[in-house]
file data16.pdb (PDB, C-alpha atoms)
ATOM      1  CA  GLY Q  63       7.592  14.276 -43.533  1.00  0.00           C
ATOM      2  CA  GLY Q  64       3.874  13.798 -43.417  1.00  0.00           C
ATOM      3  CA  THR Q  65       3.824  11.782 -40.168  1.00  0.00           C
ATOM      4  CA  GLY Q  66       2.624  14.556 -37.869  1.00  0.00           C
ATOM      5  CA  GLY Q  67       5.926  14.459 -35.951  1.00  0.00           C
ATOM      6  CA  HIS Q  68       5.738  18.210 -35.314  1.00  0.00           C
ATOM      7  CA  LEU Q  69       1.952  18.519 -35.297  1.00  0.00           C
ATOM      8  CA  PHE Q  70       0.980  15.990 -32.625  1.00  0.00           C
ATOM      9  CA  PRO Q  71       3.408  17.338 -29.996  1.00  0.00           C
ATOM     10  CA  ALA Q  72       2.023  20.826 -30.750  1.00  0.00           C
ATOM     11  CA  LEU Q  73      -1.517  19.552 -30.222  1.00  0.00           C
ATOM     12  CA  ALA Q  74      -0.453  17.915 -26.935  1.00  0.00           C
ATOM     13  CA  ILE Q  75       1.061  21.220 -25.768  1.00  0.00           C
ATOM     14  CA  GLY Q  76      -2.099  23.068 -26.835  1.00  0.00           C
ATOM     15  CA  ASP Q  77      -4.280  20.562 -24.980  1.00  0.00           C
ATOM     16  CA  ALA Q  78      -2.138  20.870 -21.818  1.00  0.00           C
ATOM     17  CA  LEU Q  79      -2.246  24.674 -21.963  1.00  0.00           C
ATOM     18  CA  LYS Q  80      -6.005  24.656 -22.517  1.00  0.00           C
ATOM     19  CA  LYS Q  81      -6.505  22.311 -19.559  1.00  0.00           C
ATOM     20  CA  ARG Q  82      -4.326  24.429 -17.281  1.00  0.00           C
ATOM     21  CA  PHE Q  83      -5.628  27.777 -18.595  1.00  0.00           C
ATOM     22  CA  PRO Q  84      -9.225  27.159 -19.798  1.00  0.00           C
ATOM     23  CA  PHE Q  85      -9.770  30.745 -20.951  1.00  0.00           C
ATOM     24  CA  ALA Q  86      -6.565  30.919 -22.986  1.00  0.00           C
ATOM     25  CA  THR Q  87      -6.838  31.305 -26.738  1.00  0.00           C
ATOM     26  CA  ILE Q  88      -4.666  28.782 -28.569  1.00  0.00           C
ATOM     27  CA  HIS Q  89      -3.997  29.439 -32.268  1.00  0.00           C
ATOM     28  CA  PHE Q  90      -2.083  27.021 -34.494  1.00  0.00           C
ATOM     29  CA  VAL Q  91      -0.025  27.905 -37.559  1.00  0.00           C
ATOM     30  CA  GLY Q  92       0.967  25.282 -40.109  1.00  0.00           C
ATOM     31  CA  SER Q  93       1.502  24.658 -43.790  1.00  0.00           C
ATOM     32  CA  LYS Q  94      -1.365  24.321 -46.210  1.00  0.00           C
ATOM     33  CA  PHE Q  95       0.646  21.480 -47.781  1.00  0.00           C
ATOM     34  CA  GLY Q  96       1.159  19.558 -44.531  1.00  0.00           C
ATOM     35  CA  LEU Q  97      -0.847  17.045 -42.535  1.00  0.00           C
ATOM     36  CA  GLU Q  98      -2.045  19.921 -40.365  1.00  0.00           C
ATOM     37  CA  SER Q  99      -4.235  21.137 -43.241  1.00  0.00           C
ATOM     38  CA  LYS Q 100      -6.342  17.999 -42.688  1.00  0.00           C
ATOM     39  CA  ILE Q 101      -6.017  17.550 -38.906  1.00  0.00           C
ATOM     40  CA  LEU Q 102      -6.463  21.119 -37.618  1.00  0.00           C
ATOM     41  CA  PRO Q 103      -9.928  21.678 -39.133  1.00  0.00           C
ATOM     42  CA  GLU Q 104     -11.096  18.566 -37.236  1.00  0.00           C
ATOM     43  CA  ARG Q 105      -9.823  19.946 -33.907  1.00  0.00           C
ATOM     44  CA  ASN Q 106     -11.426  22.686 -31.870  1.00  0.00           C
ATOM     45  CA  TYR Q 107      -8.569  25.189 -32.322  1.00  0.00           C
ATOM     46  CA  SER Q 108      -8.350  28.285 -34.464  1.00  0.00           C
ATOM     47  CA  HIS Q 109      -5.580  28.027 -37.031  1.00  0.00           C
ATOM     48  CA  THR Q 110      -3.836  29.683 -39.955  1.00  0.00           C
ATOM     49  CA  LEU Q 111      -2.256  27.780 -42.827  1.00  0.00           C
ATOM     50  CA  LEU Q 112       0.758  29.280 -44.594  1.00  0.00           C
ATOM     51  CA  THR Q 113       1.641  28.635 -48.224  1.00  0.00           C
ATOM     52  CA  ILE Q 114       5.104  27.330 -47.339  1.00  0.00           C
ATOM     53  CA  ARG Q 115       6.977  24.101 -47.929  1.00  0.00           C
ATOM     54  CA  GLY Q 116      10.331  22.918 -46.718  1.00  0.00           C
ATOM     55  CA  PHE Q 117      13.380  23.161 -48.936  1.00  0.00           C
ATOM     56  CA  MET Q 118      13.435  20.038 -51.120  1.00  0.00           C
ATOM     57  CA  ARG Q 119      16.667  18.060 -51.118  1.00  0.00           C
ATOM     58  CA  GLY Q 120      17.805  16.007 -54.058  1.00  0.00           C
ATOM     59  CA  ILE Q 121      18.294  16.637 -57.743  1.00  0.00           C
ATOM     60  CA  SER Q 122      15.231  16.572 -59.951  1.00  0.00           C
ATOM     61  CA  LEU Q 123      13.214  18.948 -62.087  1.00  0.00           C
ATOM     62  CA  ARG Q 124      10.486  18.947 -59.430  1.00  0.00           C
ATOM     63  CA  ALA Q 125      13.001  19.822 -56.680  1.00  0.00           C
ATOM     64  CA  LEU Q 126      14.521  22.577 -58.805  1.00  0.00           C
ATOM     65  CA  PHE Q 127      11.121  24.144 -59.539  1.00  0.00           C
ATOM     66  CA  ARG Q 128       9.934  23.906 -55.949  1.00  0.00           C
ATOM     67  CA  ASN Q 129      13.190  25.315 -54.582  1.00  0.00           C
ATOM     68  CA  LEU Q 130      13.070  28.239 -57.029  1.00  0.00           C
ATOM     69  CA  LEU Q 131       9.677  29.152 -55.540  1.00  0.00           C
ATOM     70  CA  PHE Q 132      10.955  28.817 -51.971  1.00  0.00           C
ATOM     71  CA  PRO Q 133      12.238  32.415 -51.456  1.00  0.00           C
ATOM     72  CA  PHE Q 134       8.945  33.884 -52.710  1.00  0.00           C
ATOM     73  CA  ARG Q 135       6.818  31.568 -50.584  1.00  0.00           C
ATOM     74  CA  PHE Q 136       9.091  32.190 -47.603  1.00  0.00           C
ATOM     75  CA  ALA Q 137       8.709  35.976 -47.934  1.00  0.00           C
ATOM     76  CA  ALA Q 138       4.921  35.790 -48.384  1.00  0.00           C
ATOM     77  CA  ALA Q 139       4.534  33.405 -45.427  1.00  0.00           C
ATOM     78  CA  TYR Q 140       6.747  35.597 -43.240  1.00  0.00           C
ATOM     79  CA  LEU Q 141       4.648  38.687 -44.035  1.00  0.00           C
ATOM     80  CA  LYS Q 142       1.470  36.735 -43.270  1.00  0.00           C
ATOM     81  CA  SER Q 143       3.044  35.566 -39.990  1.00  0.00           C
ATOM     82  CA  ARG Q 144       3.931  39.164 -39.059  1.00  0.00           C
ATOM     83  CA  ARG Q 145       0.360  40.315 -39.698  1.00  0.00           C
ATOM     84  CA  LEU Q 146      -1.002  37.369 -37.698  1.00  0.00           C
ATOM     85  CA  ILE Q 147       1.289  37.999 -34.716  1.00  0.00           C
ATOM     86  CA  LYS Q 148       0.385  41.687 -34.756  1.00  0.00           C
ATOM     87  CA  LYS Q 149      -3.350  40.877 -34.938  1.00  0.00           C
ATOM     88  CA  LEU Q 150      -3.358  38.164 -32.240  1.00  0.00           C
ATOM     89  CA  SER Q 151      -0.854  39.892 -29.945  1.00  0.00           C
ATOM     90  CA  PRO Q 152       0.003  36.592 -28.193  1.00  0.00           C
ATOM     91  CA  VAL Q 153       1.469  36.283 -24.709  1.00  0.00           C
ATOM     92  CA  ALA Q 154       3.933  33.709 -26.103  1.00  0.00           C
ATOM     93  CA  VAL Q 155       4.598  31.734 -29.286  1.00  0.00           C
ATOM     94  CA  ILE Q 156       5.566  28.057 -29.127  1.00  0.00           C
ATOM     95  CA  GLY Q 157       7.001  26.235 -32.141  1.00  0.00           C
ATOM     96  CA  THR Q 158       7.587  22.513 -32.459  1.00  0.00           C
ATOM     97  CA  GLY Q 159      10.479  22.686 -34.878  1.00  0.00           C
ATOM     98  CA  GLY Q 160       8.766  22.193 -38.226  1.00  0.00           C
ATOM     99  CA  TYR Q 161       9.480  24.595 -41.079  1.00  0.00           C
ATOM    100  CA  ALA Q 162       6.020  26.170 -40.752  1.00  0.00           C
ATOM    101  CA  SER Q 163       6.724  27.131 -37.128  1.00  0.00           C
ATOM    102  CA  GLY Q 164       9.877  29.071 -37.988  1.00  0.00           C
ATOM    103  CA  LEU Q 165       8.178  32.087 -39.516  1.00  0.00           C
ATOM    104  CA  PRO Q 166       5.677  32.784 -36.715  1.00  0.00           C
ATOM    105  CA  LEU Q 167       8.532  32.333 -34.229  1.00  0.00           C
ATOM    106  CA  LEU Q 168      10.682  34.798 -36.174  1.00  0.00           C
ATOM    107  CA  ALA Q 169       7.820  37.313 -36.360  1.00  0.00           C
ATOM    108  CA  ALA Q 170       7.289  36.988 -32.594  1.00  0.00           C
ATOM    109  CA  ILE Q 171      11.015  37.432 -31.926  1.00  0.00           C
ATOM    110  CA  HIS Q 172      10.971  40.642 -33.987  1.00  0.00           C
ATOM    111  CA  ARG Q 173       8.045  41.946 -31.892  1.00  0.00           C
ATOM    112  CA  GLY Q 174       9.723  41.051 -28.582  1.00  0.00           C
ATOM    113  CA  ILE Q 175       7.191  38.344 -27.702  1.00  0.00           C
ATOM    114  CA  PRO Q 176       8.483  35.405 -25.599  1.00  0.00           C
ATOM    115  CA  THR Q 177       9.154  32.345 -27.744  1.00  0.00           C
ATOM    116  CA  VAL Q 178       9.715  28.657 -27.079  1.00  0.00           C
ATOM    117  CA  ILE Q 179      10.833  25.859 -29.387  1.00  0.00           C
ATOM    118  CA  HIS Q 180      10.040  22.278 -28.456  1.00  0.00           C
ATOM    119  CA  GLU Q 181      12.377  19.957 -30.352  1.00  0.00           C
ATOM    120  CA  GLN Q 182      11.256  16.342 -30.176  1.00  0.00           C
ATOM    121  CA  ASN Q 183      14.084  14.840 -32.247  1.00  0.00           C
ATOM    122  CA  SER Q 184      17.481  13.695 -30.965  1.00  0.00           C
ATOM    123  CA  TYR Q 185      19.137  15.802 -33.682  1.00  0.00           C
ATOM    124  CA  PRO Q 186      17.531  19.254 -33.996  1.00  0.00           C
ATOM    125  CA  GLY Q 187      16.075  20.169 -37.357  1.00  0.00           C
ATOM    126  CA  ILE Q 188      16.996  23.208 -39.443  1.00  0.00           C
ATOM    127  CA  THR Q 189      14.331  25.466 -37.915  1.00  0.00           C
ATOM    128  CA  THR Q 190      15.444  24.686 -34.364  1.00  0.00           C
ATOM    129  CA  ARG Q 191      19.146  25.137 -35.130  1.00  0.00           C
ATOM    130  CA  TRP Q 192      18.413  28.398 -36.990  1.00  0.00           C
ATOM    131  CA  LEU Q 193      16.305  29.970 -34.242  1.00  0.00           C
ATOM    132  CA  SER Q 194      17.569  28.326 -31.035  1.00  0.00           C
ATOM    133  CA  SER Q 195      19.958  31.159 -30.190  1.00  0.00           C
ATOM    134  CA  ARG Q 196      17.208  33.767 -30.706  1.00  0.00           C
ATOM    135  CA  VAL Q 197      14.200  32.264 -28.908  1.00  0.00           C
ATOM    136  CA  THR Q 198      13.487  32.730 -25.199  1.00  0.00           C
ATOM    137  CA  ARG Q 199      13.675  29.003 -24.350  1.00  0.00           C
ATOM    138  CA  VAL Q 200      14.308  25.653 -26.025  1.00  0.00           C
ATOM    139  CA  CYS Q 201      12.690  22.454 -24.720  1.00  0.00           C
ATOM    140  CA  LEU Q 202      14.058  19.042 -25.662  1.00  0.00           C
ATOM    141  CA  SER Q 203      12.753  15.516 -25.615  1.00  0.00           C
ATOM    142  CA  TYR Q 204      16.258  14.039 -25.937  1.00  0.00           C
ATOM    143  CA  GLU Q 205      19.286  15.149 -23.953  1.00  0.00           C
ATOM    144  CA  ASP Q 206      21.540  14.392 -26.986  1.00  0.00           C
ATOM    145  CA  ALA Q 207      20.053  17.349 -28.850  1.00  0.00           C
ATOM    146  CA  ARG Q 208      21.470  19.815 -26.294  1.00  0.00           C
ATOM    147  CA  ARG Q 209      25.005  19.693 -27.711  1.00  0.00           C
ATOM    148  CA  HIS Q 210      23.775  21.014 -31.087  1.00  0.00           C
ATOM    149  CA  LEU Q 211      22.236  24.153 -29.580  1.00  0.00           C
ATOM    150  CA  LYS Q 212      23.585  27.353 -28.053  1.00  0.00           C
ATOM    151  CA  LYS Q 213      20.613  28.244 -25.870  1.00  0.00           C
ATOM    152  CA  LYS Q 214      19.515  27.579 -22.308  1.00  0.00           C
ATOM    153  CA  VAL Q 215      17.458  24.420 -22.496  1.00  0.00           C
ATOM    154  CA  VAL Q 216      14.509  23.350 -20.355  1.00  0.00           C
ATOM    155  CA  SER Q 217      13.715  19.636 -20.352  1.00  0.00           C
ATOM    156  CA  SER Q 218      10.065  19.807 -21.416  1.00  0.00           C
ATOM    157  CA  PRO Q 219       7.494  22.414 -22.476  1.00  0.00           C
ATOM    158  CA  VAL Q 220       5.258  21.212 -19.651  1.00  0.00           C
ATOM    159  CA  THR Q 221       7.978  22.487 -17.273  1.00  0.00           C
ATOM    160  CA  LEU Q 222       7.100  25.994 -18.430  1.00  0.00           C
ATOM    161  CA  LEU Q 223       3.367  25.713 -17.725  1.00  0.00           C
ATOM    162  CA  GLY Q 224       2.386  28.226 -15.116  1.00  0.00           C
ATOM    163  CA  ARG Q 225       5.845  29.817 -15.079  1.00  0.00           C
ATOM    164  CA  ARG Q 226       7.080  32.973 -16.689  1.00  0.00           C
ATOM    165  CA  LEU Q 227       9.052  32.285 -19.838  1.00  0.00           C
TER     166      LEU Q 227
END

call {"tool": "encode", "arguments": {"input": "data16.pdb", "output": "structure tokens"}}
result
Amino acid sequence: GGTGGHLFPALAIGDALKKRFPFATIHFVGSKFGLESKILPERNYSHTLLTIRGFMRGISLRALFRNLLFPFRFAAAYLKSRRLIKKLSPVAVIGTGGYASGLPLLAAIHRGIPTVIHEQNSYPGITTRWLSSRVTRVCLSYEDARRHLKKKVVSSPVTLLGRRL
């Protein structure tokens, strides 16, 4: 965590969409605890930061405390995501597999909005495996990831530019 592994591909997708569709509104959603809380304010994109963290693995008092808070933070972040999706009424929602992208994707799925996950790892993360069978499309950077998913896969999110989802 903390390397921008989900953030920088999302920014690249946003930049490509903005270049192709100059009048499109691109809105990012991330975690207030993640690298995006520092990077997104420096970029020229609107954004929302959720009070959500990933589930902490390992055995420690810190992990126990943080994991006990997880269901409450998850519920609050999901409700905020639902309100945001309703307010923005997006044409599509694209997630890049990080835990913060799962809740806006889920809210969009529940509203019938087309959704795309871009998974840039060779082994899909929890969010991608959880939502891959429910989203409209899944895009992969590595062919190996395909065998872990049950959804029609497109090779790259750029493939979808200018197409209907």

call {"tool": "resolve_selection", "arguments": {"input": "data16.pdb", "expression": "the PyMOL selection byres ((chain Q and resi 74-80) around 10)", "output": "list in words"}}
result
Leu69, Phe70, Pro71, Ala72, Leu73, Lys81, Arg82, Phe83, Pro84, Phe85, Ala86, Thr87, Ile88, His89, Phe90, Tyr107, Ile156, Thr158, His180, Pro219, Val220, Leu223 and Gly224 of chain Q

call {"tool": "atom_distance", "arguments": {"input": "data16.pdb", "atom1": "CA of Phe117 in chain Q", "atom2": "CA of Phe132 in chain Q"}}
result
6.9 Å

call {"tool": "resolve_selection", "arguments": {"input": "data16.pdb", "expression": "the PyMOL selection byres ((chain Q and resi 139-149) around 8)", "output": "list in words"}}
result
Leu112, Thr113, Ile114, Arg135, Phe136, Ala137, Ala138, Leu150, Ser151, Pro152, Leu165, Pro166, Ala169 and Ala170 of chain Q

call {"tool": "write_last_selection", "arguments": {"input": "data16.pdb", "atoms": "C-alpha atoms", "output": "compact mmCIF listing (two decimals), keeping the file's coordinate frame"}}
result
# COMPACT_ATOMS: atom_id res chain seq x y z
CA LEU Q 112 0.76 29.28 -44.59
CA THR Q 113 1.64 28.64 -48.22
CA ILE Q 114 5.10 27.33 -47.34
CA ARG Q 135 6.82 31.57 -50.58
CA PHE Q 136 9.09 32.19 -47.60
CA ALA Q 137 8.71 35.98 -47.93
CA ALA Q 138 4.92 35.79 -48.38
CA LEU Q 150 -3.36 38.16 -32.24
CA SER Q 151 -0.85 39.89 -29.94
CA PRO Q 152 0.00 36.59 -28.19
CA LEU Q 165 8.18 32.09 -39.52
CA PRO Q 166 5.68 32.78 -36.72
CA ALA Q 169 7.82 37.31 -36.36
CA ALA Q 170 7.29 36.99 -32.59

call {"tool": "closest_residue", "arguments": {"input": "data16.pdb", "among": "Q:Val155, Q:Leu167, Q:Val200, Q:Gly96", "to": "Thr65 in chain Q", "atoms": "only C-alpha atoms"}}
result
Q:Gly96

call {"tool": "atom_distance", "arguments": {"input": "data16.pdb", "atom1": "CA of Glu104 in chain Q", "atom2": "CA of Ala162 in chain Q"}}
result
19.1 Å

call {"tool": "closest_residue", "arguments": {"input": "data16.pdb", "among": "Q:Thr190, Q:Asn106, Q:Ser163, Q:Thr198", "to": "Pro176 in chain Q", "atoms": "all atoms listed in the file"}}
result
Q:Thr198

call {"tool": "atom_distance", "arguments": {"input": "data16.pdb", "atom1": "CA of Glu181 in chain Q", "atom2": "CA of Leu202 in chain Q"}}
result
5.1 Å

call {"tool": "axis_aligned_box", "arguments": {"input": "data16.pdb", "around": "range 136-141 of chain Q", "padding_each_side": "5 Å", "output": "AutoDock Vina command-line options"}}
result
--center_x 6.8 --center_y 35.4 --center_z -45.8 --size_x 14.6 --size_y 16.5 --size_z 15.1

call {"tool": "closest_residue", "arguments": {"input": "data16.pdb", "among": "Q:Arg119, Q:Arg209, Q:His109, Q:Arg124", "to": "Arg191 in chain Q", "atoms": "all atoms listed in the file"}}
result
Q:Arg209

call {"tool": "residues_around", "arguments": {"input": "data16.pdb", "residues": "Val197 in chain Q", "least_positions_apart": "5", "cutoff": "7 Å", "atoms": "only C-alpha atoms", "output": "list in words"}}
result
Ile171, Thr177 and Val178 of chain Q

call {"tool": "closest_residue", "arguments": {"input": "data16.pdb", "among": "Q:Gly92, Q:Ala154, Q:Thr189, Q:Pro103", "to": "Arg173 in chain Q", "atoms": "all atoms listed in the file"}}
result
Q:Ala154

call {"tool": "resolve_selection", "arguments": {"input": "data16.pdb", "expression": "the PyMOL selection byres ((chain Q and resi 183) around 8)", "output": "PyMOL selection string"}}
result
chain Q and resi 181-182+184-187+202-204+207

call {"tool": "closest_residue", "arguments": {"input": "data16.pdb", "among": "Q:Ala125, Q:Leu131, Q:Leu193, Q:Leu111", "to": "Gly159 in chain Q", "atoms": "all atoms listed in the file"}}
result
Q:Leu193

call {"tool": "closest_residue", "arguments": {"input": "data16.pdb", "among": "Q:Gly66, Q:Leu123, Q:Phe134, Q:Ile175", "to": "Lys100 in chain Q", "atoms": "only C-alpha atoms"}}
result
Q:Gly66

call {"tool": "decode", "arguments": {"input": "data16.pdb", "residues": "range 145-204 of chain Q", "atoms": "C-alpha atoms", "output": "compact mmCIF listing (two decimals), in the first residue's frame"}}
result
# COMPACT_ATOMS: atom_id res chain seq x y z
CA ARG Q 145 -25.32 9.95 -2.26
CA LEU Q 146 -22.40 10.91 -4.52
CA ILE Q 147 -23.49 8.62 -7.36
CA LYS Q 148 -27.05 9.93 -7.09
CA LYS Q 149 -25.83 13.55 -7.11
CA LEU Q 150 -23.34 13.18 -9.99
CA SER Q 151 -25.49 10.81 -12.06
CA PRO Q 152 -22.44 9.54 -14.01
CA VAL Q 153 -22.55 7.95 -17.45
CA ALA Q 154 -20.16 5.26 -16.14
CA VAL Q 155 -18.04 4.47 -13.08
CA ILE Q 156 -14.51 3.10 -13.46
CA GLY Q 157 -12.64 1.56 -10.53
CA THR Q 158 -8.99 0.58 -10.46
CA GLY Q 159 -9.29 -2.20 -7.92
CA GLY Q 160 -8.37 -0.45 -4.69
CA TYR Q 161 -10.62 -0.81 -1.65
CA ALA Q 162 -11.83 2.79 -1.99
CA SER Q 163 -13.13 2.09 -5.51
CA GLY Q 164 -15.33 -0.80 -4.40
CA LEU Q 165 -18.02 1.27 -2.73
CA PRO Q 166 -18.65 3.74 -5.56
CA LEU Q 167 -18.69 0.78 -7.96
CA LEU Q 168 -21.22 -1.02 -5.77
CA ALA Q 169 -23.40 2.10 -5.52
CA ALA Q 170 -23.30 2.48 -9.31
CA ILE Q 171 -24.19 -1.19 -9.81
CA HIS Q 172 -27.21 -0.73 -7.53
CA ARG Q 173 -28.34 2.26 -9.64
CA GLY Q 174 -27.88 0.39 -12.93
CA ILE Q 175 -24.99 2.58 -14.10
CA PRO Q 176 -22.37 0.91 -16.35
CA THR Q 177 -19.25 -0.03 -14.40
CA VAL Q 178 -15.71 -1.02 -15.31
CA ILE Q 179 -12.88 -2.37 -13.16
CA HIS Q 180 -9.32 -2.00 -14.37
CA GLU Q 181 -7.13 -4.52 -12.56
CA GLN Q 182 -3.44 -3.82 -13.03
CA ASN Q 183 -2.10 -6.73 -10.96
CA SER Q 184 -1.43 -10.27 -12.19
CA TYR Q 185 -3.49 -11.60 -9.27
CA PRO Q 186 -6.72 -9.61 -8.78
CA GLY Q 187 -7.22 -7.96 -5.42
CA ILE Q 188 -10.18 -8.48 -3.09
CA THR Q 189 -12.24 -5.63 -4.55
CA THR Q 190 -11.85 -6.93 -8.11
CA ARG Q 191 -12.64 -10.53 -7.17
CA TRP Q 192 -15.66 -9.39 -5.11
CA LEU Q 193 -17.19 -7.20 -7.82
CA SER Q 194 -15.93 -8.74 -11.09
CA SER Q 195 -19.06 -10.82 -11.64
CA ARG Q 196 -21.31 -7.79 -11.04
CA VAL Q 197 -19.63 -5.02 -13.06
CA THR Q 198 -20.29 -4.37 -16.75
CA ARG Q 199 -16.68 -4.99 -17.85
CA VAL Q 200 -13.30 -5.94 -16.39
CA CYS Q 201 -10.05 -4.73 -17.98
CA LEU Q 202 -6.75 -6.44 -17.23
CA SER Q 203 -3.12 -5.53 -17.58
CA TYR Q 204 -2.01 -9.17 -17.23
